[in-house]
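Q: What follows is the file protein_14.pdb, containing PDB, C-alpha atoms:
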```pdb
ATOM      1  CA  MET A 245       0.000   0.000   0.000
ATOM      2  CA  LEU A 246       1.336   3.334  -1.003
ATOM      3  CA  ALA A 247       1.999   5.761   1.755
ATOM      4  CA  ALA A 248      -0.209   8.835   1.744
ATOM      5  CA  ALA A 249       1.439  11.735   0.027
ATOM      6  CA  LYS A 250       2.515  14.410   2.393
ATOM      7  CA  LYS A 251       0.673  17.674   1.970
ATOM      8  CA  LYS A 252       2.852  20.601   1.234
ATOM      9  CA  PRO A 253       2.545  23.315   3.855
ATOM     10  CA  VAL A 254       0.571  26.299   2.652
ATOM     11  CA  PRO A 255       2.729  29.396   2.950
ATOM     12  CA  LYS A 256       1.273  32.031   5.193
ATOM     13  CA  LYS A 257       0.256  35.210   3.524
ATOM     14  CA  LYS A 258       2.437  38.086   4.475
ATOM     15  CA  VAL A 259       0.421  40.763   6.220
ATOM     16  CA  VAL A 260       1.438  44.173   4.966
ATOM     17  CA  LYS A 261       0.836  46.795   7.577
ATOM     18  CA  PRO A 262      -0.307  50.204   6.297
ATOM     19  CA  ALA A 263       2.589  52.622   6.185
ATOM     20  CA  GLY A 264       2.760  56.368   6.416
ATOM     21  CA  PRO A 265       1.219  58.956   8.731
ATOM     22  CA  PRO A 266      -2.441  58.746   9.705
ATOM     23  CA  ALA A 267      -4.655  60.069   6.917
ATOM     24  CA  LYS A 268      -6.394  62.372   9.398
ATOM     25  CA  GLU A 269      -3.155  64.343   9.761
ATOM     26  CA  LEU A 270      -2.859  64.800   6.001
ATOM     27  CA  PHE A 271      -6.464  65.813   5.406
ATOM     28  CA  GLY A 272      -6.657  67.854   8.613
ATOM     29  CA  ALA A 273      -3.720  69.948   7.385
ATOM     30  CA  ALA A 274      -5.376  70.826   4.053
ATOM     31  CA  LYS A 275      -6.813  74.345   4.297
ATOM     32  CA  THR A 276      -8.256  74.666   0.789
ATOM     33  CA  PRO A 277     -10.261  72.346  -1.499
ATOM     34  CA  ALA A 278      -8.843  70.269  -4.335
ATOM     35  CA  ALA A 279      -9.126  72.039  -7.697
ATOM     36  CA  LEU A 280     -10.884  69.091  -9.315
ATOM     37  CA  GLN A 281     -14.350  68.271 -10.557
ATOM     38  CA  ALA A 282     -16.745  68.038  -7.620
ATOM     39  CA  ARG A 283     -17.277  64.463  -6.540
ATOM     40  CA  ALA A 284     -17.649  62.362  -3.418
ATOM     41  CA  ILE A 285     -15.090  59.550  -3.348
ATOM     42  CA  GLY A 286     -15.457  56.330  -1.360
ATOM     43  CA  PHE A 287     -17.689  55.641   1.629
ATOM     44  CA  TYR A 288     -19.015  58.129   4.159
ATOM     45  CA  ALA A 289     -16.552  56.851   6.788
ATOM     46  CA  LYS A 290     -13.683  55.978   4.411
ATOM     47  CA  GLY A 291     -13.179  58.431   1.595
ATOM     48  CA  CYS A 292     -12.460  61.998   0.546
ATOM     49  CA  LEU A 293     -13.902  64.936  -1.380
ATOM     50  CA  ALA A 294     -12.860  66.674  -4.593
ATOM     51  CA  GLY A 295     -14.007  70.116  -5.715
ATOM     52  CA  ALA A 296     -15.583  71.086  -2.392
ATOM     53  CA  ALA A 297     -17.617  74.255  -1.965
ATOM     54  CA  ALA A 298     -17.671  76.342   1.202
ATOM     55  CA  LEU A 299     -20.879  77.098   3.051
ATOM     56  CA  PRO A 300     -20.682  80.870   3.650
ATOM     57  CA  VAL A 301     -20.166  81.427   7.365
ATOM     58  CA  ASP A 302     -23.119  83.857   7.374
ATOM     59  CA  GLY A 303     -26.352  83.768   5.403
ATOM     60  CA  GLU A 304     -29.776  85.330   5.610
ATOM     61  CA  ALA A 305     -31.064  82.243   7.468
ATOM     62  CA  TRP A 306     -27.971  80.460   8.810
ATOM     63  CA  GLN A 307     -24.694  80.910  10.681
ATOM     64  CA  ALA A 308     -21.829  78.416  10.684
ATOM     65  CA  MET A 309     -20.427  77.388  14.069
ATOM     66  CA  ARG A 310     -16.965  76.300  15.309
ATOM     67  CA  LEU A 311     -15.214  78.164  12.515
ATOM     68  CA  SER A 312     -11.738  77.327  13.822
ATOM     69  CA  ARG A 313     -12.289  73.727  12.694
ATOM     70  CA  ASN A 314     -12.602  74.768   9.021
ATOM     71  CA  ARG A 315     -15.312  72.152   8.475
ATOM     72  CA  ASN A 316     -17.859  74.242   6.594
ATOM     73  CA  TRP A 317     -17.009  72.497   3.306
ATOM     74  CA  GLY A 318     -19.042  69.989   1.351
ATOM     75  CA  HIS A 319     -20.062  68.707  -2.036
ATOM     76  CA  PRO A 320     -21.768  71.664  -3.812
ATOM     77  CA  GLU A 321     -25.097  69.815  -3.659
ATOM     78  CA  LEU A 322     -24.829  69.510   0.132
ATOM     79  CA  VAL A 323     -23.998  73.203   0.521
ATOM     80  CA  GLY A 324     -27.003  74.087  -1.635
ATOM     81  CA  LEU A 325     -29.199  71.747   0.390
ATOM     82  CA  VAL A 326     -28.260  73.371   3.716
ATOM     83  CA  GLN A 327     -28.982  76.834   2.301
ATOM     84  CA  LYS A 328     -32.334  75.659   0.890
ATOM     85  CA  LEU A 329     -33.346  74.104   4.215
ATOM     86  CA  ALA A 330     -32.442  77.293   6.077
ATOM     87  CA  ARG A 331     -34.479  79.517   3.778
ATOM     88  CA  GLU A 332     -37.520  77.253   3.502
ATOM     89  CA  ALA A 333     -37.678  76.446   7.227
ATOM     90  CA  ARG A 334     -37.692  80.161   7.997
ATOM     91  CA  LYS A 335     -40.313  80.931   5.367
ATOM     92  CA  HIS A 336     -42.700  78.032   5.965
ATOM     93  CA  ASP A 337     -42.064  76.641   9.463
ATOM     94  CA  GLY A 338     -41.304  79.683  11.602
ATOM     95  CA  TRP A 339     -37.754  78.477  12.312
ATOM     96  CA  PRO A 340     -35.594  81.596  12.828
ATOM     97  CA  GLY A 341     -32.515  80.172  11.127
ATOM     98  CA  LEU A 342     -29.986  77.360  11.274
ATOM     99  CA  LEU A 343     -26.890  77.080  13.408
ATOM    100  CA  VAL A 344     -24.762  74.773  11.268
ATOM    101  CA  GLY A 345     -22.155  72.492  12.808
ATOM    102  CA  ASP A 346     -19.681  70.299  10.956
ATOM    103  CA  LEU A 347     -19.960  69.468   7.275
ATOM    104  CA  SER A 348     -16.562  68.248   6.011
ATOM    105  CA  GLN A 349     -12.965  69.378   5.734
ATOM    106  CA  PRO A 350     -11.846  71.152   2.529
ATOM    107  CA  ARG A 351     -10.768  67.842   1.012
ATOM    108  CA  GLY A 352     -12.908  65.585   3.161
ATOM    109  CA  GLY A 353     -11.125  62.573   4.566
ATOM    110  CA  PRO A 354     -10.740  61.469   8.191
ATOM    111  CA  MET A 355     -10.884  64.221  10.802
ATOM    112  CA  LEU A 356      -8.449  64.826  13.620
ATOM    113  CA  THR A 357     -11.305  64.883  16.155
ATOM    114  CA  GLY A 358     -14.970  64.166  16.515
ATOM    115  CA  HIS A 359     -16.303  62.165  13.585
ATOM    116  CA  ALA A 360     -15.856  58.826  11.904
ATOM    117  CA  SER A 361     -18.059  59.854   8.996
ATOM    118  CA  HIS A 362     -18.344  63.289   7.273
ATOM    119  CA  GLN A 363     -15.490  62.228   4.945
ATOM    120  CA  VAL A 364     -17.044  62.591   1.482
ATOM    121  CA  GLY A 365     -18.843  65.944   1.768
ATOM    122  CA  LEU A 366     -22.379  64.556   2.013
ATOM    123  CA  ASP A 367     -22.993  64.901   5.786
ATOM    124  CA  ALA A 368     -24.063  67.972   7.749
ATOM    125  CA  ASP A 369     -24.812  68.557  11.436
ATOM    126  CA  ILE A 370     -27.652  70.994  12.127
ATOM    127  CA  TRP A 371     -28.047  72.256  15.674
ATOM    128  CA  LEU A 372     -31.473  72.029  17.292
ATOM    129  CA  THR A 373     -30.760  75.385  18.936
ATOM    130  CA  PRO A 374     -32.531  78.139  16.942
ATOM    131  CA  MET A 375     -30.350  80.855  15.442
ATOM    132  CA  PRO A 376     -30.475  84.084  17.495
ATOM    133  CA  ASP A 377     -31.692  87.313  15.909
ATOM    134  CA  ARG A 378     -28.172  88.721  15.684
ATOM    135  CA  ARG A 379     -24.826  87.793  14.192
ATOM    136  CA  LEU A 380     -22.771  85.757  16.636
ATOM    137  CA  THR A 381     -19.175  86.825  17.218
ATOM    138  CA  GLY A 382     -16.312  84.535  16.323
ATOM    139  CA  GLN A 383     -15.703  83.770  19.996
ATOM    140  CA  GLU A 384     -19.373  82.979  20.608
ATOM    141  CA  ARG A 385     -19.284  80.516  17.732
ATOM    142  CA  GLU A 386     -16.461  78.709  19.516
ATOM    143  CA  ASP A 387     -17.877  78.806  23.058
ATOM    144  CA  LEU A 388     -21.655  78.595  22.697
ATOM    145  CA  SER A 389     -22.966  75.181  23.709
ATOM    146  CA  ALA A 390     -25.791  73.536  21.821
ATOM    147  CA  THR A 391     -28.943  72.753  23.806
ATOM    148  CA  SER A 392     -29.741  69.153  24.685
ATOM    149  CA  MET A 393     -33.301  68.093  23.906
ATOM    150  CA  LEU A 394     -33.307  65.311  26.532
ATOM    151  CA  ALA A 395     -35.353  65.094  29.692
ATOM    152  CA  GLU A 396     -33.790  63.810  32.910
ATOM    153  CA  ASP A 397     -34.706  60.205  32.096
ATOM    154  CA  LYS A 398     -32.512  60.378  28.935
ATOM    155  CA  VAL A 399     -35.084  58.396  26.919
ATOM    156  CA  SER A 400     -37.579  61.181  26.215
ATOM    157  CA  VAL A 401     -37.438  64.822  25.150
ATOM    158  CA  ASP A 402     -37.896  67.711  27.542
ATOM    159  CA  PRO A 403     -41.333  69.237  26.775
ATOM    160  CA  LYS A 404     -40.048  72.612  27.995
ATOM    161  CA  ILE A 405     -37.416  72.607  25.224
ATOM    162  CA  TRP A 406     -38.700  70.383  22.419
ATOM    163  CA  THR A 407     -41.373  72.024  20.259
ATOM    164  CA  ASP A 408     -43.448  71.309  17.194
ATOM    165  CA  LYS A 409     -41.095  73.581  15.252
ATOM    166  CA  HIS A 410     -38.215  71.169  15.891
ATOM    167  CA  ALA A 411     -40.305  68.363  14.424
ATOM    168  CA  LYS A 412     -41.249  70.465  11.387
ATOM    169  CA  LEU A 413     -37.600  71.305  10.732
ATOM    170  CA  ILE A 414     -36.559  67.638  10.714
ATOM    171  CA  LYS A 415     -39.596  66.667   8.632
ATOM    172  CA  ARG A 416     -38.714  69.294   6.027
ATOM    173  CA  ALA A 417     -35.131  68.013   5.783
ATOM    174  CA  ALA A 418     -36.372  64.431   5.390
ATOM    175  CA  ALA A 419     -38.746  65.498   2.606
ATOM    176  CA  TYR A 420     -35.929  66.433   0.214
ATOM    177  CA  PRO A 421     -35.399  63.617  -2.309
ATOM    178  CA  ASN A 422     -31.597  63.782  -2.162
ATOM    179  CA  VAL A 423     -31.579  63.320   1.633
ATOM    180  CA  GLU A 424     -31.083  59.609   2.273
ATOM    181  CA  ARG A 425     -30.873  59.476   6.062
ATOM    182  CA  ILE A 426     -31.270  61.706   9.105
ATOM    183  CA  PHE A 427     -29.690  60.589  12.393
ATOM    184  CA  VAL A 428     -31.205  61.628  15.732
ATOM    185  CA  HIS A 429     -31.116  60.456  19.351
ATOM    186  CA  PRO A 430     -33.650  57.669  20.011
ATOM    187  CA  ALA A 431     -35.587  59.989  22.345
ATOM    188  CA  ILE A 432     -36.048  62.432  19.459
ATOM    189  CA  LYS A 433     -37.101  59.611  17.142
ATOM    190  CA  LYS A 434     -39.647  58.591  19.783
ATOM    191  CA  ALA A 435     -41.022  62.157  19.951
ATOM    192  CA  LEU A 436     -41.334  62.259  16.156
ATOM    193  CA  CYS A 437     -43.095  58.891  16.049
ATOM    194  CA  GLU A 438     -45.549  59.857  18.800
ATOM    195  CA  GLY A 439     -46.168  63.335  17.417
ATOM    196  CA  THR A 440     -46.988  62.233  13.871
ATOM    197  CA  PRO A 441     -50.679  61.299  13.406
ATOM    198  CA  LYS A 442     -51.248  57.627  12.579
ATOM    199  CA  GLU A 443     -53.537  58.586   9.738
ATOM    200  CA  GLY A 444     -51.248  61.332   8.436
ATOM    201  CA  ASP A 445     -48.082  61.384   6.335
ATOM    202  CA  ARG A 446     -45.575  59.084   8.029
ATOM    203  CA  ALA A 447     -43.448  58.169   5.025
ATOM    204  CA  TRP A 448     -40.751  60.687   5.969
ATOM    205  CA  LEU A 449     -40.156  58.897   9.306
ATOM    206  CA  HIS A 450     -38.582  56.091   7.292
ATOM    207  CA  LYS A 451     -35.479  58.235   6.732
ATOM    208  CA  VAL A 452     -35.082  59.314  10.377
ATOM    209  CA  GLN A 453     -32.786  56.828  12.093
ATOM    210  CA  SER A 454     -31.889  56.437  15.762
ATOM    211  CA  TYR A 455     -28.205  56.657  16.631
ATOM    212  CA  TRP A 456     -25.838  57.350  19.515
ATOM    213  CA  GLY A 457     -25.498  60.966  20.610
ATOM    214  CA  HIS A 458     -27.413  63.409  18.381
ATOM    215  CA  PHE A 459     -29.418  64.845  21.280
ATOM    216  CA  TYR A 460     -28.425  68.438  20.504
ATOM    217  CA  HIS A 461     -28.350  68.268  16.705
ATOM    218  CA  PHE A 462     -29.564  66.192  13.797
ATOM    219  CA  HIS A 463     -27.323  64.755  11.115
ATOM    220  CA  ILE A 464     -28.338  65.043   7.466
ATOM    221  CA  ARG A 465     -26.858  62.534   5.023
ATOM    222  CA  MET A 466     -27.280  62.836   1.273
ATOM    223  CA  GLY A 467     -27.138  59.951  -1.146
ATOM    224  CA  CYS A 468     -24.352  59.708  -3.700
ATOM    225  CA  PRO A 469     -24.776  62.568  -6.219
ATOM    226  CA  LYS A 470     -24.501  62.320  -9.993
ATOM    227  CA  GLY A 471     -20.950  62.585 -11.276
ATOM    228  CA  SER A 472     -19.513  60.712  -8.267
ATOM    229  CA  ALA A 473     -18.904  57.333  -9.882
ATOM    230  CA  THR A 474     -16.745  55.996  -7.042
ATOM    231  CA  CYS A 475     -19.033  57.130  -4.232
ATOM    232  CA  GLU A 476     -20.159  54.075  -2.239
ATOM    233  CA  ALA A 477     -23.857  54.002  -1.336
ATOM    234  CA  GLN A 478     -25.262  52.641   1.893
ATOM    235  CA  ALA A 479     -27.534  49.613   2.032
ATOM    236  CA  PRO A 480     -31.258  50.421   1.619
ATOM    237  CA  LEU A 481     -33.211  51.173   4.778
ATOM    238  CA  PRO A 482     -35.815  48.722   6.107
ATOM    239  CA  ASN A 483     -39.247  49.287   4.576
ATOM    240  CA  ASN A 484     -40.931  50.656   7.719
ATOM    241  CA  ASP A 485     -41.185  53.853   9.754
ATOM    242  CA  GLY A 486     -38.694  52.692  12.391
ATOM    243  CA  CYS A 487     -41.172  53.338  15.214
ATOM    244  CA  GLY A 488     -41.568  49.716  16.327
ATOM    245  CA  LYS A 489     -39.072  47.183  17.641
ATOM    246  CA  GLU A 490     -36.105  49.046  16.178
ATOM    247  CA  LEU A 491     -36.922  52.112  18.290
ATOM    248  CA  THR A 492     -37.665  50.016  21.385
ATOM    249  CA  ASP A 493     -34.262  48.337  21.094
ATOM    250  CA  TRP A 494     -32.496  51.681  20.734
ATOM    251  CA  LEU A 495     -34.266  53.144  23.773
ATOM    252  CA  ALA A 496     -33.108  50.130  25.791
ATOM    253  CA  ARG A 497     -29.526  50.766  24.642
ATOM    254  CA  VAL A 498     -29.467  54.405  25.721
ATOM    255  CA  LYS A 499     -31.487  54.045  28.939
ATOM    256  CA  PRO A 500     -29.213  54.804  31.922
ATOM    257  CA  LYS A 501     -28.210  51.644  33.763
ATOM    258  CA  PRO A 502     -28.868  51.460  37.538
ATOM    259  CA  PRO A 503     -25.751  51.528  39.716
ATOM    260  CA  ALA A 504     -24.311  48.129  40.493
ATOM    261  CA  PRO A 505     -24.820  46.906  44.085
ATOM    262  CA  PRO A 506     -21.755  47.051  46.331
ATOM    263  CA  THR A 507     -19.744  43.858  46.573
ATOM    264  CA  ALA A 508     -17.503  42.495  49.293
ATOM    265  CA  THR A 509     -14.563  42.201  46.943
ATOM    266  CA  PRO A 510     -13.735  44.908  44.443
ATOM    267  CA  ALA A 511     -14.290  43.960  40.835
ATOM    268  CA  LYS A 512     -11.216  43.214  38.805
ATOM    269  CA  PRO A 513     -10.523  46.143  36.499
ATOM    270  CA  VAL A 514     -11.229  45.422  32.879
ATOM    271  CA  ARG A 515      -8.403  46.196  30.530
ATOM    272  CA  PRO A 516      -9.715  48.508  27.820
ATOM    273  CA  ALA A 517      -9.472  47.275  24.260
ATOM    274  CA  PRO A 518      -6.615  48.858  22.320
ATOM    275  CA  PRO A 519      -7.743  51.631  19.982
ATOM    276  CA  LYS A 520      -8.122  50.800  16.332
ATOM    277  CA  PRO A 521      -5.164  51.957  14.255
ATOM    278  CA  ALA A 522      -5.849  55.161  12.370
ATOM    279  CA  LEU A 523      -6.549  54.952   8.657
ATOM    280  CA  THR A 524      -3.629  55.709   6.384
ATOM    281  CA  LEU A 525      -3.767  57.173   2.902
ATOM    282  CA  ASP A 526      -3.123  53.738   1.368
ATOM    283  CA  GLN A 527      -6.331  52.465   2.954
ATOM    284  CA  LEU A 528      -8.479  55.135   1.311
ATOM    285  CA  PRO A 529      -9.628  55.045  -2.323
ATOM    286  CA  ALA A 530      -6.741  55.562  -4.754
ATOM    287  CA  GLU A 531      -8.260  58.847  -5.998
ATOM    288  CA  CYS A 532      -7.704  60.387  -2.577
ATOM    289  CA  LYS A 533      -3.973  60.656  -3.326
ATOM    290  CA  ALA A 534      -4.794  62.889  -6.295
ATOM    291  CA  VAL A 535      -7.151  64.917  -4.113
ATOM    292  CA  LEU A 536      -4.354  65.633  -1.647
ATOM    293  CA  ALA A 537      -1.855  66.362  -4.408
ATOM    294  CA  SER A 538      -4.124  68.760  -6.313
ATOM    295  CA  GLY A 539      -3.288  72.452  -6.364
ATOM    296  CA  SER A 540      -5.544  74.937  -4.624
ATOM    297  CA  PRO A 541      -8.310  76.700  -6.575
ATOM    298  CA  ASP A 542      -8.293  80.400  -7.342
ATOM    299  CA  VAL A 543     -10.912  81.214  -4.702
ATOM    300  CA  PRO A 544      -9.634  81.674  -1.138
ATOM    301  CA  PRO A 545     -10.973  79.568   1.733
ATOM    302  CA  ALA A 546     -13.812  80.805   3.922
ATOM    303  CA  PRO A 547     -12.609  83.378   6.473
ATOM    304  CA  VAL A 548     -11.824  81.911   9.875
ATOM    305  CA  PRO A 549     -11.604  84.278  12.882
ATOM    306  CA  ALA A 550      -8.387  84.088  14.877
ATOM    307  CA  VAL A 551      -9.929  82.774  18.092
ATOM    308  CA  ARG A 552      -8.926  79.978  20.375
ATOM    309  CA  PRO A 553     -10.743  76.693  19.726
ATOM    310  CA  ALA A 554     -13.105  75.703  22.527
ATOM    311  CA  PRO A 555     -13.437  72.143  23.814
ATOM    312  CA  ALA A 556     -15.844  70.199  21.628
ATOM    313  CA  LYS A 557     -18.571  70.048  24.281
ATOM    314  CA  GLU A 558     -21.175  68.762  21.914
ATOM    315  CA  ALA A 559     -18.977  66.362  19.968
ATOM    316  CA  THR A 560     -19.675  62.675  20.492
ATOM    317  CA  THR A 561     -17.525  59.798  19.410
ATOM    318  CA  LYS A 562     -19.474  57.442  17.220
ATOM    319  CA  LYS A 563     -19.927  54.038  18.858
ATOM    320  CA  PRO A 564     -20.438  50.775  17.029
ATOM    321  CA  ALA A 565     -24.038  49.706  16.819
ATOM    322  CA  ALA A 566     -26.384  47.502  14.908
ATOM    323  CA  ALA A 567     -27.269  50.379  12.613
ATOM    324  CA  THR A 568     -24.730  51.494  10.057
ATOM    325  CA  LYS A 569     -23.746  55.137  10.082
TER     326      LYS A 569
END
```
In structure tokens, write the structure found in this file.

A:
Amino acid sequence: MLAAAKKKPVPKKKVVKPAGPPAKELFGAAKTPAALQARAIGFYAKGCLAGAAALPVDGEAWQAMRLSRNRNWGHPELVGLVQKLAREARKHDGWPGLLVGDLSQPRGGPMLTGHASHQVGLDADIWLTPMPDRRLTGQEREDLSATSMLAEDKVSVDPKIWTDKHAKLIKRAAAYPNVERIFVHPAIKKALCEGTPKEGDRAWLHKVQSYWGHFYHFHIRMGCPKGSATCEAQAPLPNNDGCGKELTDWLARVKPKPPAPPTATPAKPVRPAPPKPALTLDQLPAECKAVLASGSPDVPPAPVPAVRPAPAKEATTKKPAAATK
């Protein structure tokens, strides 16, 4: 009987570790947009932006906040959308004007602080604090804190703060065809679900998704625009209003946990998981190298007051969850 042939060992694949500085350092250092055709490149949390436009820091119905971050840039369609929402909400809904938080960096890409997404110029944070009837100073735009909509229980909105005008503002944003998702705190989603008549128009609720944080602002996300062939779309949303089990599960996630009972022996400290390594340029779409290498356009960047940056009081680190952001 012939002896069984020995199997040749399969050589292990060599793991090539990404080299170079973190991409957030490269994109965070870019102060002007890439002089290329406007397009969103890659995925919302792993990409970059070519041909960005700046949202003017002041408009007839909006003011940009945290100017020292230089994050008032986006795909031209996003910038136009924010301006349209500001004007129409003032005209039709009685909203005095938008305080606009982060859009993207001049060339998109990973940010030094705050966000995992906002990389392709299709995301915008809109504060739920109404714009005051005066122009804020540069220092006020750094220091002013956004208002939380949450009640003390952290799973419902505060009726002294939350109003029907807040709901109308979010509904108007969700009504635009090029808006694909809107992220809000589960307590805000709950208020929208309960405040929308069962027999009325509830189709817009489909776009409003619960997510971590987002208790002081709502996050608008556009779908991939025309001309952005390498923009990666998200998976379609479930075909429901999100007011059932999905919302119940989210409320359970964010509900404050009761304090643990005292024990005779102290619990063994849990070693925190090591942080994920930062993305490098090689891990982003290949076009992002051209975006970084592109010369600056003729137009100067939006003016940024020389003020000290304030701590990002309202910024929340995105946590992993069942929903994809």

Q: Using all atoms listed in the file, which protein or nucleic acid residues come within 7 Å of range 400-412 of chain A? Drop anything in the same chain fewer than 4 positions from it, and give the result as a list in words.

A: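 Neighbouring residues, sequence-local ones excluded: Asp337, Trp339, Leu372, Met393, Leu394, Ala395, Arg416, Ala431, Ile432, Ala435 and Leu436 of chain A.
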
Q: Which residues come within 7 Å of range 446-459 of chain A, counting all atoms listed in the file, excluding same-chain residues fewer than 4 positions away, as a list in words?

A: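 Returned residues: Ser392, Met393, Leu394, Lys415, Ala418, Ala419, Glu424, Arg425, Ile426, Phe427, Val428, His429, Pro430, Lys433, Thr440, Asn484, Asp485, Gly486, Trp494, Thr560, Lys562 and Lys563 of chain A.
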
Q: I'd like to know which of A:Ala417, A:Gly353, A:Ile285, A:Asn483 is closest to Glu531 in chain A, using all atoms listed in the file.

A: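 With all atoms listed in the file as the atom set, the closest residue is A:Ile285.
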
Q: As an exercise, work out the distance from CA of Gly439 in chain A to CA of Ala479 in chain A in Å and give it to one decimal place.

A: 27.8 Å

Q: Rounded to one decimal place, report the CA of Pro265 in chain A-CA of Ala522 in chain A distance in Å.

A: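 Separation between CA of Pro265 in chain A and CA of Ala522 in chain A: 8.8 Å.
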
Q: Residues at most 6 Å from Thr524 in chain A, counting only C-alpha atoms, excluding those fewer than 2 positions away in the same chain, as a ChimeraX atom specification?

A: /A:266-267,526-527

Q: Got a sec to check which residues sit within 12 Å of (-19.3, 81.6, 8.9), counting only C-alpha atoms, and write them as an NGL selection string?

A: :A and (298-317 or 342-346 or 379-386 or 545-549)

Q: Generate the missing atoms of range 470-490 of chain A up to N, CA and C atoms and report them as an mmCIF file, in the frame of the given file.

A:
```cif
data_model
loop_
_atom_site.group_PDB
_atom_site.id
_atom_site.type_symbol
_atom_site.label_atom_id
_atom_site.label_comp_id
_atom_site.auth_asym_id
_atom_site.auth_seq_id
_atom_site.Cartn_x
_atom_site.Cartn_y
_atom_site.Cartn_z
ATOM 1 N N LYS A 470 -24.925 62.614 -8.626
ATOM 2 C CA LYS A 470 -24.501 62.320 -9.993
ATOM 3 C C LYS A 470 -23.086 62.869 -10.209
ATOM 4 N N GLY A 471 -22.324 62.153 -11.014
ATOM 5 C CA GLY A 471 -20.950 62.585 -11.276
ATOM 6 C C GLY A 471 -19.945 62.053 -10.283
ATOM 7 N N SER A 472 -20.420 61.295 -9.266
ATOM 8 C CA SER A 472 -19.513 60.712 -8.267
ATOM 9 C C SER A 472 -19.521 59.194 -8.448
ATOM 10 N N ALA A 473 -18.836 58.747 -9.496
ATOM 11 C CA ALA A 473 -18.904 57.333 -9.882
ATOM 12 C C ALA A 473 -18.329 56.397 -8.839
ATOM 13 N N THR A 474 -17.374 56.868 -8.035
ATOM 14 C CA THR A 474 -16.745 55.996 -7.042
ATOM 15 C C THR A 474 -17.278 56.234 -5.636
ATOM 16 N N CYS A 475 -18.367 56.966 -5.532
ATOM 17 C CA CYS A 475 -19.033 57.130 -4.232
ATOM 18 C C CYS A 475 -19.742 55.822 -3.898
ATOM 19 N N GLU A 476 -19.562 55.345 -2.667
ATOM 20 C CA GLU A 476 -20.159 54.075 -2.239
ATOM 21 C C GLU A 476 -21.446 54.331 -1.459
ATOM 22 N N ALA A 477 -22.555 53.803 -1.972
ATOM 23 C CA ALA A 477 -23.857 54.002 -1.336
ATOM 24 C C ALA A 477 -24.027 53.077 -0.140
ATOM 25 N N GLN A 478 -24.900 53.494 0.771
ATOM 26 C CA GLN A 478 -25.262 52.641 1.893
ATOM 27 C C GLN A 478 -26.324 51.633 1.473
ATOM 28 N N ALA A 479 -26.486 50.597 2.288
ATOM 29 C CA ALA A 479 -27.534 49.613 2.032
ATOM 30 C C ALA A 479 -28.900 50.277 2.211
ATOM 31 N N PRO A 480 -29.927 49.835 1.471
ATOM 32 C CA PRO A 480 -31.258 50.421 1.619
ATOM 33 C C PRO A 480 -31.779 50.270 3.042
ATOM 34 N N LEU A 481 -32.598 51.233 3.454
ATOM 35 C CA LEU A 481 -33.211 51.173 4.778
ATOM 36 C C LEU A 481 -34.337 50.150 4.807
ATOM 37 N N PRO A 482 -34.653 49.610 5.997
ATOM 38 C CA PRO A 482 -35.815 48.722 6.107
ATOM 39 C C PRO A 482 -37.092 49.449 5.667
ATOM 40 N N ASN A 483 -38.018 48.693 5.113
ATOM 41 C CA ASN A 483 -39.247 49.287 4.576
ATOM 42 C C ASN A 483 -40.296 49.470 5.673
ATOM 43 N N ASN A 484 -39.978 50.338 6.650
ATOM 44 C CA ASN A 484 -40.931 50.656 7.719
ATOM 45 C C ASN A 484 -40.598 52.026 8.273
ATOM 46 N N ASP A 485 -41.408 52.510 9.217
ATOM 47 C CA ASP A 485 -41.185 53.853 9.754
ATOM 48 C C ASP A 485 -40.191 53.890 10.906
ATOM 49 N N GLY A 486 -39.685 52.733 11.327
ATOM 50 C CA GLY A 486 -38.694 52.692 12.391
ATOM 51 C C GLY A 486 -39.233 52.999 13.767
ATOM 52 N N CYS A 487 -40.554 52.977 13.929
ATOM 53 C CA CYS A 487 -41.172 53.338 15.214
ATOM 54 C C CYS A 487 -41.546 52.130 16.050
ATOM 55 N N GLY A 488 -41.204 50.929 15.608
ATOM 56 C CA GLY A 488 -41.568 49.716 16.327
ATOM 57 C C GLY A 488 -40.419 49.156 17.137
ATOM 58 N N LYS A 489 -40.104 47.882 16.873
ATOM 59 C CA LYS A 489 -39.072 47.183 17.641
ATOM 60 C C LYS A 489 -37.714 47.864 17.525
ATOM 61 N N GLU A 490 -37.394 48.378 16.358
ATOM 62 C CA GLU A 490 -36.105 49.046 16.178
ATOM 63 C C GLU A 490 -35.932 50.185 17.181
#
```
